[in-house]
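coords-v1.cif follows; it contains mmCIF, N, CA and C atoms.
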```cif
data_target
#
loop_
_atom_site.label_atom_id
_atom_site.label_comp_id
_atom_site.auth_asym_id
_atom_site.auth_seq_id
_atom_site.Cartn_x
_atom_site.Cartn_y
_atom_site.Cartn_z
N MET A 1 85.83 -143.48 95.53
CA MET A 1 84.44 -143.54 95.12
C MET A 1 83.56 -143.77 96.36
N ILE A 2 82.51 -143.01 96.46
CA ILE A 2 81.59 -143.11 97.59
C ILE A 2 80.56 -144.20 97.31
N LYS A 3 80.36 -145.09 98.27
CA LYS A 3 79.32 -146.11 98.18
C LYS A 3 78.04 -145.53 98.74
N HIS A 4 76.92 -145.97 98.19
CA HIS A 4 75.62 -145.48 98.64
C HIS A 4 74.73 -146.65 99.04
N SER A 5 74.10 -146.51 100.20
CA SER A 5 73.14 -147.49 100.71
C SER A 5 71.86 -146.77 101.07
N ALA A 6 70.79 -147.56 101.21
CA ALA A 6 69.51 -147.00 101.64
C ALA A 6 68.83 -148.01 102.54
N GLY A 7 68.08 -147.49 103.51
CA GLY A 7 67.37 -148.35 104.44
C GLY A 7 66.19 -147.64 105.06
N ILE A 8 65.48 -148.38 105.90
CA ILE A 8 64.28 -147.83 106.52
C ILE A 8 64.33 -148.08 108.02
N LEU A 9 64.12 -147.03 108.78
CA LEU A 9 63.95 -147.15 110.23
C LEU A 9 62.46 -147.36 110.48
N ILE A 10 62.12 -148.57 110.89
CA ILE A 10 60.72 -148.97 111.06
C ILE A 10 60.37 -148.95 112.54
N SER A 11 59.27 -148.32 112.87
CA SER A 11 58.79 -148.31 114.25
C SER A 11 57.35 -148.80 114.29
N ALA A 12 56.98 -149.30 115.47
CA ALA A 12 55.60 -149.77 115.67
C ALA A 12 55.32 -149.76 117.16
N GLU A 13 54.07 -149.55 117.49
CA GLU A 13 53.66 -149.69 118.88
C GLU A 13 53.30 -151.15 119.11
N VAL A 14 54.00 -151.75 120.06
CA VAL A 14 53.78 -153.16 120.39
C VAL A 14 53.56 -153.25 121.89
N ASP A 15 52.45 -153.83 122.29
CA ASP A 15 52.11 -153.96 123.71
C ASP A 15 52.16 -152.61 124.43
N GLY A 16 51.68 -151.56 123.76
CA GLY A 16 51.61 -150.23 124.35
C GLY A 16 52.92 -149.48 124.42
N GLU A 17 53.96 -150.00 123.76
CA GLU A 17 55.28 -149.36 123.83
C GLU A 17 55.85 -149.20 122.42
N LEU A 18 56.44 -148.05 122.13
CA LEU A 18 57.05 -147.82 120.82
C LEU A 18 58.35 -148.60 120.73
N ARG A 19 58.47 -149.37 119.66
CA ARG A 19 59.67 -150.19 119.43
C ARG A 19 60.18 -149.94 118.01
N TYR A 20 61.43 -150.32 117.79
CA TYR A 20 62.10 -150.09 116.51
C TYR A 20 62.65 -151.40 115.98
N LEU A 21 62.51 -151.60 114.68
CA LEU A 21 63.01 -152.81 114.06
C LEU A 21 64.48 -152.63 113.70
N PHE A 22 65.31 -153.46 114.31
CA PHE A 22 66.74 -153.45 114.00
C PHE A 22 67.19 -154.85 113.65
N VAL A 23 68.26 -154.92 112.90
CA VAL A 23 68.83 -156.20 112.49
C VAL A 23 70.22 -156.35 113.07
N HIS A 24 70.63 -157.60 113.23
CA HIS A 24 71.99 -157.89 113.68
C HIS A 24 72.73 -158.52 112.50
N PRO A 25 73.82 -157.87 112.05
CA PRO A 25 74.57 -158.42 110.92
C PRO A 25 75.21 -159.76 111.27
N THR A 26 75.15 -160.68 110.36
CA THR A 26 75.76 -161.99 110.53
C THR A 26 77.26 -161.83 110.81
N ASN A 27 77.76 -162.59 111.75
CA ASN A 27 79.18 -162.62 112.13
C ASN A 27 79.68 -161.33 112.78
N ALA A 28 78.81 -160.53 113.34
CA ALA A 28 79.21 -159.30 114.04
C ALA A 28 79.05 -159.50 115.55
N SER A 29 79.67 -158.61 116.31
CA SER A 29 79.51 -158.60 117.76
C SER A 29 78.04 -158.37 118.09
N TRP A 30 77.61 -158.84 119.27
CA TRP A 30 76.21 -158.66 119.64
C TRP A 30 75.96 -157.31 120.32
N TYR A 31 76.97 -156.49 120.48
CA TYR A 31 76.78 -155.15 121.04
C TYR A 31 77.41 -154.12 120.12
N GLY A 32 76.71 -153.01 119.94
CA GLY A 32 77.22 -151.91 119.14
C GLY A 32 77.14 -152.12 117.64
N THR A 33 76.41 -153.12 117.19
CA THR A 33 76.37 -153.41 115.75
C THR A 33 74.98 -153.45 115.14
N TYR A 34 73.93 -153.38 115.96
CA TYR A 34 72.58 -153.46 115.42
C TYR A 34 72.33 -152.27 114.50
N SER A 35 71.69 -152.55 113.38
CA SER A 35 71.47 -151.52 112.38
C SER A 35 70.06 -151.66 111.81
N ILE A 36 69.73 -150.75 110.94
CA ILE A 36 68.46 -150.83 110.24
C ILE A 36 68.64 -151.76 109.04
N PRO A 37 67.56 -152.34 108.53
CA PRO A 37 67.68 -153.09 107.28
C PRO A 37 68.08 -152.11 106.17
N LYS A 38 69.19 -152.40 105.52
CA LYS A 38 69.70 -151.49 104.49
C LYS A 38 70.59 -152.25 103.53
N GLY A 39 70.89 -151.61 102.41
CA GLY A 39 71.79 -152.22 101.45
C GLY A 39 72.24 -151.23 100.40
N GLU A 40 73.29 -151.62 99.69
CA GLU A 40 73.87 -150.75 98.65
C GLU A 40 72.98 -150.70 97.41
N TYR A 41 73.14 -149.61 96.70
CA TYR A 41 72.46 -149.45 95.41
C TYR A 41 73.36 -148.65 94.49
N THR A 42 73.10 -148.76 93.20
CA THR A 42 73.86 -147.96 92.22
C THR A 42 72.91 -147.15 91.36
N ASP A 43 72.15 -147.80 90.52
CA ASP A 43 71.33 -147.07 89.55
C ASP A 43 69.88 -146.87 89.93
N GLU A 44 69.43 -147.51 91.00
CA GLU A 44 68.02 -147.36 91.35
C GLU A 44 67.80 -146.19 92.32
N TYR A 45 66.57 -145.78 92.43
CA TYR A 45 66.18 -144.71 93.35
C TYR A 45 66.39 -145.21 94.78
N PRO A 46 66.93 -144.39 95.69
CA PRO A 46 67.21 -144.86 97.05
C PRO A 46 66.00 -145.46 97.77
N LEU A 47 64.82 -144.90 97.62
CA LEU A 47 63.64 -145.46 98.29
C LEU A 47 63.32 -146.85 97.74
N THR A 48 63.46 -147.04 96.45
CA THR A 48 63.25 -148.36 95.85
C THR A 48 64.23 -149.36 96.45
N ALA A 49 65.49 -148.96 96.58
CA ALA A 49 66.51 -149.83 97.17
C ALA A 49 66.18 -150.14 98.63
N ALA A 50 65.76 -149.14 99.38
CA ALA A 50 65.44 -149.34 100.80
C ALA A 50 64.29 -150.33 100.97
N LEU A 51 63.24 -150.17 100.18
CA LEU A 51 62.10 -151.09 100.26
C LEU A 51 62.52 -152.51 99.86
N ARG A 52 63.36 -152.63 98.84
CA ARG A 52 63.86 -153.93 98.41
C ARG A 52 64.67 -154.60 99.51
N GLU A 53 65.55 -153.84 100.16
CA GLU A 53 66.41 -154.39 101.20
C GLU A 53 65.61 -154.87 102.41
N VAL A 54 64.58 -154.15 102.80
CA VAL A 54 63.74 -154.59 103.92
C VAL A 54 63.08 -155.91 103.57
N GLN A 55 62.59 -156.03 102.35
CA GLN A 55 61.95 -157.28 101.96
C GLN A 55 62.96 -158.42 101.88
N GLU A 56 64.14 -158.16 101.33
CA GLU A 56 65.16 -159.21 101.22
C GLU A 56 65.68 -159.65 102.59
N GLU A 57 66.03 -158.69 103.44
CA GLU A 57 66.70 -159.01 104.70
C GLU A 57 65.77 -159.57 105.76
N VAL A 58 64.53 -159.06 105.84
CA VAL A 58 63.64 -159.47 106.93
C VAL A 58 62.25 -159.93 106.48
N GLY A 59 62.02 -159.98 105.18
CA GLY A 59 60.77 -160.52 104.68
C GLY A 59 59.55 -159.64 104.85
N LEU A 60 59.74 -158.35 105.05
CA LEU A 60 58.60 -157.43 105.21
C LEU A 60 58.47 -156.58 103.96
N ALA A 61 57.27 -156.54 103.40
CA ALA A 61 57.03 -155.77 102.19
C ALA A 61 56.19 -154.54 102.52
N PHE A 62 56.70 -153.39 102.15
CA PHE A 62 55.99 -152.13 102.32
C PHE A 62 55.95 -151.41 100.98
N LYS A 63 55.05 -150.45 100.89
CA LYS A 63 54.95 -149.63 99.68
C LYS A 63 55.50 -148.24 99.97
N ASP A 64 55.94 -147.56 98.94
CA ASP A 64 56.51 -146.23 99.13
C ASP A 64 55.52 -145.26 99.76
N LEU A 65 54.24 -145.48 99.56
CA LEU A 65 53.22 -144.60 100.15
C LEU A 65 53.16 -144.73 101.66
N GLU A 66 53.73 -145.81 102.21
CA GLU A 66 53.70 -146.02 103.65
C GLU A 66 54.83 -145.28 104.38
N ILE A 67 55.77 -144.76 103.66
CA ILE A 67 56.89 -144.04 104.27
C ILE A 67 56.36 -142.79 104.94
N ASP A 68 56.70 -142.62 106.23
CA ASP A 68 56.20 -141.50 107.02
C ASP A 68 56.80 -140.16 106.61
N LYS A 69 58.05 -140.19 106.36
CA LYS A 69 58.78 -138.94 106.15
C LYS A 69 59.45 -139.01 104.80
N LYS A 70 58.97 -138.26 103.86
CA LYS A 70 59.51 -138.33 102.49
C LYS A 70 60.91 -137.72 102.40
N GLU A 71 61.25 -136.82 103.30
CA GLU A 71 62.59 -136.24 103.31
C GLU A 71 63.48 -137.15 104.17
N PRO A 72 64.33 -137.94 103.53
CA PRO A 72 65.14 -138.88 104.30
C PRO A 72 66.31 -138.20 105.02
N GLU A 73 66.86 -138.91 105.97
CA GLU A 73 68.07 -138.49 106.68
C GLU A 73 69.25 -139.14 105.97
N ILE A 74 70.31 -138.39 105.78
CA ILE A 74 71.53 -138.93 105.16
C ILE A 74 72.57 -139.13 106.26
N VAL A 75 72.99 -140.38 106.45
CA VAL A 75 74.03 -140.71 107.42
C VAL A 75 75.32 -140.88 106.64
N LYS A 76 76.35 -140.15 107.06
CA LYS A 76 77.63 -140.18 106.35
C LYS A 76 78.68 -140.94 107.15
N TYR A 77 79.37 -141.82 106.47
CA TYR A 77 80.49 -142.54 107.05
C TYR A 77 81.75 -141.80 106.59
N LYS A 78 82.58 -141.41 107.55
CA LYS A 78 83.81 -140.68 107.23
C LYS A 78 85.02 -141.46 107.73
N ASN A 79 86.12 -141.33 106.98
CA ASN A 79 87.36 -141.95 107.45
C ASN A 79 88.04 -141.04 108.46
N LYS A 80 89.21 -141.44 108.94
CA LYS A 80 89.93 -140.66 109.97
C LYS A 80 90.32 -139.27 109.50
N LYS A 81 90.40 -139.07 108.21
CA LYS A 81 90.74 -137.75 107.66
C LYS A 81 89.50 -136.90 107.39
N GLY A 82 88.32 -137.44 107.72
CA GLY A 82 87.08 -136.69 107.54
C GLY A 82 86.47 -136.81 106.17
N LYS A 83 87.03 -137.66 105.32
CA LYS A 83 86.50 -137.83 103.97
C LYS A 83 85.36 -138.84 103.97
N VAL A 84 84.24 -138.47 103.35
CA VAL A 84 83.07 -139.36 103.26
C VAL A 84 83.38 -140.50 102.29
N TYR A 85 83.18 -141.74 102.76
CA TYR A 85 83.38 -142.89 101.88
C TYR A 85 82.09 -143.68 101.66
N LYS A 86 81.04 -143.37 102.45
CA LYS A 86 79.77 -144.06 102.29
C LYS A 86 78.65 -143.18 102.82
N THR A 87 77.49 -143.24 102.17
CA THR A 87 76.29 -142.58 102.68
C THR A 87 75.18 -143.61 102.78
N VAL A 88 74.32 -143.40 103.77
CA VAL A 88 73.12 -144.22 103.91
C VAL A 88 71.93 -143.28 103.95
N THR A 89 71.03 -143.45 103.00
CA THR A 89 69.80 -142.69 102.96
C THR A 89 68.78 -143.44 103.81
N VAL A 90 68.32 -142.80 104.89
CA VAL A 90 67.42 -143.46 105.84
C VAL A 90 66.02 -142.86 105.72
N TYR A 91 65.06 -143.73 105.43
CA TYR A 91 63.66 -143.35 105.40
C TYR A 91 63.01 -143.82 106.70
N PHE A 92 61.86 -143.26 107.01
CA PHE A 92 61.17 -143.56 108.26
C PHE A 92 59.78 -144.11 107.98
N LEU A 93 59.41 -145.14 108.71
CA LEU A 93 58.12 -145.76 108.52
C LEU A 93 57.58 -146.21 109.87
N ARG A 94 56.37 -145.78 110.17
CA ARG A 94 55.69 -146.27 111.37
C ARG A 94 54.58 -147.18 110.89
N THR A 95 54.59 -148.41 111.35
CA THR A 95 53.64 -149.39 110.85
C THR A 95 52.72 -149.88 111.95
N ASP A 96 51.66 -150.52 111.53
CA ASP A 96 50.72 -151.15 112.43
C ASP A 96 51.19 -152.58 112.64
N PHE A 97 51.66 -152.89 113.84
CA PHE A 97 52.23 -154.20 114.10
C PHE A 97 51.25 -155.34 113.82
N SER A 98 49.97 -155.09 114.03
CA SER A 98 48.98 -156.17 113.82
C SER A 98 48.98 -156.65 112.36
N LYS A 99 49.40 -155.80 111.43
CA LYS A 99 49.42 -156.18 110.01
C LYS A 99 50.62 -157.06 109.65
N ILE A 100 51.65 -157.08 110.49
CA ILE A 100 52.87 -157.84 110.17
C ILE A 100 53.23 -158.88 111.23
N LYS A 101 52.41 -159.01 112.26
CA LYS A 101 52.78 -159.84 113.41
C LYS A 101 52.98 -161.31 113.06
N ASP A 102 52.42 -161.78 111.96
CA ASP A 102 52.60 -163.18 111.57
C ASP A 102 54.05 -163.50 111.19
N LYS A 103 54.86 -162.49 110.94
CA LYS A 103 56.27 -162.68 110.58
C LYS A 103 57.16 -162.78 111.82
N PHE A 104 56.57 -162.60 113.02
CA PHE A 104 57.35 -162.48 114.24
C PHE A 104 57.09 -163.63 115.21
N ASN A 105 58.10 -163.93 116.01
CA ASN A 105 57.97 -164.86 117.13
C ASN A 105 57.36 -164.10 118.31
N LYS A 106 57.02 -164.80 119.38
CA LYS A 106 56.44 -164.16 120.56
C LYS A 106 57.38 -163.16 121.22
N ASP A 107 58.70 -163.35 121.07
CA ASP A 107 59.67 -162.43 121.67
C ASP A 107 59.94 -161.21 120.78
N LEU A 108 59.13 -161.04 119.74
CA LEU A 108 59.19 -159.92 118.79
C LEU A 108 60.40 -159.97 117.87
N SER A 109 61.03 -161.14 117.76
CA SER A 109 62.08 -161.32 116.75
C SER A 109 61.41 -161.88 115.49
N ILE A 110 62.02 -161.59 114.37
CA ILE A 110 61.47 -162.08 113.11
C ILE A 110 61.77 -163.57 112.98
N LYS A 111 60.80 -164.30 112.50
CA LYS A 111 60.98 -165.74 112.31
C LYS A 111 62.16 -165.99 111.37
N ILE A 112 62.96 -166.98 111.71
CA ILE A 112 64.21 -167.26 111.01
C ILE A 112 64.01 -167.49 109.52
N GLU A 113 62.88 -168.06 109.14
CA GLU A 113 62.65 -168.32 107.72
C GLU A 113 62.45 -167.04 106.90
N ASN A 114 62.26 -165.92 107.57
CA ASN A 114 62.10 -164.64 106.87
C ASN A 114 63.41 -163.87 106.74
N LEU A 115 64.47 -164.36 107.36
CA LEU A 115 65.75 -163.65 107.36
C LEU A 115 66.63 -164.05 106.18
N GLN A 116 67.37 -163.11 105.68
CA GLN A 116 68.42 -163.37 104.69
C GLN A 116 69.69 -163.64 105.49
N LEU A 117 69.90 -164.90 105.85
CA LEU A 117 70.91 -165.27 106.84
C LEU A 117 72.34 -164.93 106.45
N GLU A 118 72.64 -164.82 105.18
CA GLU A 118 73.99 -164.41 104.80
C GLU A 118 74.25 -162.93 105.12
N GLU A 119 73.18 -162.18 105.35
CA GLU A 119 73.29 -160.76 105.70
C GLU A 119 73.01 -160.49 107.18
N VAL A 120 71.90 -161.05 107.68
CA VAL A 120 71.51 -160.81 109.08
C VAL A 120 71.12 -162.13 109.74
N ASN A 121 71.52 -162.29 111.00
CA ASN A 121 71.18 -163.53 111.70
C ASN A 121 70.14 -163.32 112.80
N TRP A 122 69.68 -162.09 112.97
CA TRP A 122 68.61 -161.79 113.91
C TRP A 122 68.01 -160.45 113.52
N ALA A 123 66.71 -160.32 113.72
CA ALA A 123 66.03 -159.05 113.53
C ALA A 123 64.81 -159.05 114.44
N GLY A 124 64.48 -157.87 114.95
CA GLY A 124 63.30 -157.79 115.79
C GLY A 124 63.05 -156.39 116.28
N PHE A 125 61.90 -156.24 116.92
CA PHE A 125 61.52 -154.95 117.49
C PHE A 125 62.10 -154.84 118.90
N LEU A 126 62.79 -153.74 119.14
CA LEU A 126 63.42 -153.48 120.43
C LEU A 126 62.99 -152.12 120.96
N THR A 127 62.96 -152.01 122.29
CA THR A 127 62.70 -150.71 122.93
C THR A 127 63.97 -149.87 122.87
N LEU A 128 63.82 -148.58 123.15
CA LEU A 128 65.00 -147.71 123.21
C LEU A 128 65.99 -148.20 124.26
N GLY A 129 65.50 -148.66 125.39
CA GLY A 129 66.38 -149.15 126.44
C GLY A 129 67.25 -150.31 125.98
N LYS A 130 66.67 -151.24 125.24
CA LYS A 130 67.42 -152.38 124.72
C LYS A 130 68.39 -151.97 123.62
N LEU A 131 68.01 -150.96 122.85
CA LEU A 131 68.85 -150.53 121.73
C LEU A 131 70.08 -149.72 122.16
N GLU A 132 69.97 -149.05 123.26
CA GLU A 132 71.00 -148.09 123.65
C GLU A 132 72.43 -148.63 123.56
N SER A 133 72.67 -149.85 124.04
CA SER A 133 74.03 -150.39 124.00
C SER A 133 74.28 -151.26 122.77
N ARG A 134 73.26 -151.50 121.99
CA ARG A 134 73.40 -152.42 120.86
C ARG A 134 73.45 -151.73 119.51
N ILE A 135 72.94 -150.50 119.43
CA ILE A 135 72.83 -149.81 118.16
C ILE A 135 74.20 -149.37 117.64
N PHE A 136 74.39 -149.50 116.34
CA PHE A 136 75.60 -149.02 115.67
C PHE A 136 75.66 -147.52 115.84
N TYR A 137 76.80 -147.02 116.28
CA TYR A 137 76.90 -145.61 116.68
C TYR A 137 76.51 -144.63 115.59
N ARG A 138 76.69 -144.95 114.35
CA ARG A 138 76.35 -144.01 113.27
C ARG A 138 74.84 -143.77 113.16
N PHE A 139 74.04 -144.67 113.74
CA PHE A 139 72.58 -144.53 113.67
C PHE A 139 71.96 -144.07 114.99
N LYS A 140 72.76 -143.93 116.01
CA LYS A 140 72.26 -143.59 117.33
C LYS A 140 71.51 -142.25 117.34
N HIS A 141 72.02 -141.28 116.59
CA HIS A 141 71.38 -139.95 116.59
C HIS A 141 69.96 -139.98 116.00
N LEU A 142 69.60 -141.02 115.29
CA LEU A 142 68.26 -141.12 114.74
C LEU A 142 67.22 -141.38 115.81
N LEU A 143 67.67 -141.93 116.96
CA LEU A 143 66.76 -142.31 118.03
C LEU A 143 66.99 -141.55 119.33
N PHE A 144 68.23 -141.20 119.64
CA PHE A 144 68.56 -140.61 120.93
C PHE A 144 68.93 -139.15 120.79
#
```

Entire entry expressed as structure tokens:
Amino acid sequence: MIKHSAGILISAEVDGELRYLFVHPTNASWYGTYSIPKGEYTDEYPLTAALREVQEEVGLAFKDLEIDKKEPEIVKYKNKKGKVYKTVTVYFLRTDFSKIKDKFNKDLSIKIENLQLEEVNWAGFLTLGKLESRIFYRFKHLLF
């Protein structure tokens, strides 16, 4: 049975530089594991699940009308035999950082009280340079 997840790749211009919001999964290595806020769903619409997961994991609430690209990207997880065992529907959102900056520390990490700590232990806006060695390889093609 294939599992299905949905998430949102959030970008914003911060201090004149385009940055991307990534999360670090709790109890994971600090390199090669950063991902987008995402989560599994069964009966709900993928965009509804993606918006819910962003709010649960990092405390940011967005509306479906704010999604930049209505045609999502589907990321497939395959086993060694090439069989798909999981899909992640990725939506894209570019936001105005000034509207959400109260949720962030000065280092552009999300304040700890906004995190769902059983899922993620860090989240924040990172530049492409910072993400290059930290991003989970299945999501790298979305940025590089």

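Closest to Gly124 (chain A) among A:Leu60, A:Leu108, A:Ile8, A:Leu51 is A:Leu108, based on only N, CA and C atoms.
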
I would like the residues chosen by the PyMOL selection byres (((chain A and resi 137 and name CA) around 12) and name CA) on the shown file; could you give them as a list in words?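 Matching residues under the PyMOL selection byres (((chain A and resi 137 and name CA) around 12) and name CA) are Tyr31, Gly32, Thr33, Tyr34, Ser35, Ile36, Val75, Lys76, Tyr77, Leu131, Glu132, Ser133, Arg134, Ile135, Phe136, Arg138, Phe139, Lys140, His141, Leu142, Leu143 and Phe144 of chain A.
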
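Closest approach to Asp15 (chain A) among A:Thr127, A:Leu117, A:Asp64, A:Trp30: A:Thr127, based on only C-alpha atoms.
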
Give me, please, the distance in Å between CA of Val84 (chain A) and CA of Ala50 (chain A), quoted to one decimal. 20.4 Å

Quick check on the file I pasted: which residues fall under the PyMOL selection byres (((chain A and resi 90-102 and name CA) around 9) and name CA)? Write them as a PyMOL selection string. chain A and resi 5-14+36+38+46-47+50+60+66-75+88-89+103-105+108+110-111

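Between Glu17 (chain A) and the residues A:Tyr41, A:Thr48, A:Asn121, A:Leu126, the shortest atom-to-atom distance, using only N, CA and C atoms, involves A:Leu126.
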
Restricting the calculation to only C-alpha atoms, which member of A:Thr42, A:Pro37, A:Ser109, A:Leu115 is positioned closest to Arg19 (chain A)? A:Ser109

I'd like to see the residues matched by the PyMOL selection byres ((chain A and resi 24) around 5) on this file, and ideally I'd get them as a list in words. Phe22, Val23, Pro25, Thr26, Tyr34, Val120, Asn121, Trp122 and Ala123 of chain A

Between CA of Glu57 (chain A) and CA of Lys130 (chain A), what distance in Å does the model show, to one decimal?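 Between CA of Glu57 (chain A) and CA of Lys130 (chain A) the gap is 21.1 Å.
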
Please return as an MDAnalysis selection string: the residues of chain A that backbone DSSP assigns to strand (DSSP E or B). chainID A and resid 3:14 17:25 34:35 38:40 69:78 84:95 104 109:110 120:126 135

Find, counting all atoms listed in the file, the residue in A:Leu65, A:Val58, A:Ile2, A:Leu21 that gets nearest to Asn114 (chain A).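 Result for the nearest residue to Asn114 (chain A): A:Val58.
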
Out of region 15-110 of chain A, which residues get helix (DSSP H, G or I) from DSSP, as a ChimeraX atom specification? /A:46-58,64-66,97-99,101-103

Write the selection just made, keeping N, CA and C atoms, as a short mmCIF file (atom, residue, chain, number, x, y, z; two decimals), in the frame of the given file?
```cif
data_model
loop_
_atom_site.label_atom_id
_atom_site.label_comp_id
_atom_site.auth_asym_id
_atom_site.auth_seq_id
_atom_site.Cartn_x
_atom_site.Cartn_y
_atom_site.Cartn_z
N PRO A 46 66.93 -144.39 95.69
CA PRO A 46 67.21 -144.86 97.05
C PRO A 46 66.00 -145.46 97.77
N LEU A 47 64.82 -144.90 97.62
CA LEU A 47 63.64 -145.46 98.29
C LEU A 47 63.32 -146.85 97.74
N THR A 48 63.46 -147.04 96.45
CA THR A 48 63.25 -148.36 95.85
C THR A 48 64.23 -149.36 96.45
N ALA A 49 65.49 -148.96 96.58
CA ALA A 49 66.51 -149.83 97.17
C ALA A 49 66.18 -150.14 98.63
N ALA A 50 65.76 -149.14 99.38
CA ALA A 50 65.44 -149.34 100.80
C ALA A 50 64.29 -150.33 100.97
N LEU A 51 63.24 -150.17 100.18
CA LEU A 51 62.10 -151.09 100.26
C LEU A 51 62.52 -152.51 99.86
N ARG A 52 63.36 -152.63 98.84
CA ARG A 52 63.86 -153.93 98.41
C ARG A 52 64.67 -154.60 99.51
N GLU A 53 65.55 -153.84 100.16
CA GLU A 53 66.41 -154.39 101.20
C GLU A 53 65.61 -154.87 102.41
N VAL A 54 64.58 -154.15 102.80
CA VAL A 54 63.74 -154.59 103.92
C VAL A 54 63.08 -155.91 103.57
N GLN A 55 62.59 -156.03 102.35
CA GLN A 55 61.95 -157.28 101.96
C GLN A 55 62.96 -158.42 101.88
N GLU A 56 64.14 -158.16 101.33
CA GLU A 56 65.16 -159.21 101.22
C GLU A 56 65.68 -159.65 102.59
N GLU A 57 66.03 -158.69 103.44
CA GLU A 57 66.70 -159.01 104.70
C GLU A 57 65.77 -159.57 105.76
N VAL A 58 64.53 -159.06 105.84
CA VAL A 58 63.64 -159.47 106.93
C VAL A 58 62.25 -159.93 106.48
N ASP A 64 55.94 -147.56 98.94
CA ASP A 64 56.51 -146.23 99.13
C ASP A 64 55.52 -145.26 99.76
N LEU A 65 54.24 -145.48 99.56
CA LEU A 65 53.22 -144.60 100.15
C LEU A 65 53.16 -144.73 101.66
N GLU A 66 53.73 -145.81 102.21
CA GLU A 66 53.70 -146.02 103.65
C GLU A 66 54.83 -145.28 104.38
N PHE A 97 51.66 -152.89 113.84
CA PHE A 97 52.23 -154.20 114.10
C PHE A 97 51.25 -155.34 113.82
N SER A 98 49.97 -155.09 114.03
CA SER A 98 48.98 -156.17 113.82
C SER A 98 48.98 -156.65 112.36
N LYS A 99 49.40 -155.80 111.43
CA LYS A 99 49.42 -156.18 110.01
C LYS A 99 50.62 -157.06 109.65
N LYS A 101 52.41 -159.01 112.26
CA LYS A 101 52.78 -159.84 113.41
C LYS A 101 52.98 -161.31 113.06
N ASP A 102 52.42 -161.78 111.96
CA ASP A 102 52.60 -163.18 111.57
C ASP A 102 54.05 -163.50 111.19
N LYS A 103 54.86 -162.49 110.94
CA LYS A 103 56.27 -162.68 110.58
C LYS A 103 57.16 -162.78 111.82
#
```

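Put simply, atom C of Glu119 (chain A) is 22.2 Å away from CA of Asp43 (chain A).
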
Could region 104-134 of chain A be written out with C-alpha atoms, as a PDB file, in the first residue's frame, please?
```
ATOM      1  CA  PHE A 104      10.612  33.813  14.239  1.00  0.00           C
ATOM      2  CA  ASN A 105      13.741  34.435  16.287  1.00  0.00           C
ATOM      3  CA  LYS A 106      16.390  36.896  15.057  1.00  0.00           C
ATOM      4  CA  ASP A 107      18.354  34.017  13.468  1.00  0.00           C
ATOM      5  CA  LEU A 108      15.266  33.254  11.302  1.00  0.00           C
ATOM      6  CA  SER A 109      14.440  30.042  13.166  1.00  0.00           C
ATOM      7  CA  ILE A 110      10.883  29.524  14.307  1.00  0.00           C
ATOM      8  CA  LYS A 111      10.286  30.156  17.984  1.00  0.00           C
ATOM      9  CA  ILE A 112      10.282  26.881  19.911  1.00  0.00           C
ATOM     10  CA  GLU A 113       6.763  27.413  21.227  1.00  0.00           C
ATOM     11  CA  ASN A 114       5.455  27.224  17.646  1.00  0.00           C
ATOM     12  CA  LEU A 115       7.049  23.841  16.904  1.00  0.00           C
ATOM     13  CA  GLN A 116       5.396  20.439  17.162  1.00  0.00           C
ATOM     14  CA  LEU A 117       8.413  19.014  18.990  1.00  0.00           C
ATOM     15  CA  GLU A 118       7.446  15.358  18.626  1.00  0.00           C
ATOM     16  CA  GLU A 119       7.737  15.884  14.850  1.00  0.00           C
ATOM     17  CA  VAL A 120      10.321  18.653  14.351  1.00  0.00           C
ATOM     18  CA  ASN A 121      12.913  20.120  16.697  1.00  0.00           C
ATOM     19  CA  TRP A 122      13.985  23.047  14.497  1.00  0.00           C
ATOM     20  CA  ALA A 123      12.523  25.030  11.624  1.00  0.00           C
ATOM     21  CA  GLY A 124      13.633  28.176   9.888  1.00  0.00           C
ATOM     22  CA  PHE A 125      14.391  30.065   6.731  1.00  0.00           C
ATOM     23  CA  LEU A 126      17.651  29.055   5.070  1.00  0.00           C
ATOM     24  CA  THR A 127      19.511  30.214   1.973  1.00  0.00           C
ATOM     25  CA  LEU A 128      20.275  27.795  -0.843  1.00  0.00           C
ATOM     26  CA  GLY A 129      23.898  27.709   0.299  1.00  0.00           C
ATOM     27  CA  LYS A 130      22.918  26.550   3.789  1.00  0.00           C
ATOM     28  CA  LEU A 131      20.421  24.030   2.431  1.00  0.00           C
ATOM     29  CA  GLU A 132      22.720  22.340  -0.044  1.00  0.00           C
ATOM     30  CA  SER A 133      24.259  19.878   2.438  1.00  0.00           C
ATOM     31  CA  ARG A 134      21.278  19.693   4.772  1.00  0.00           C
TER      32      ARG A 134
END
```
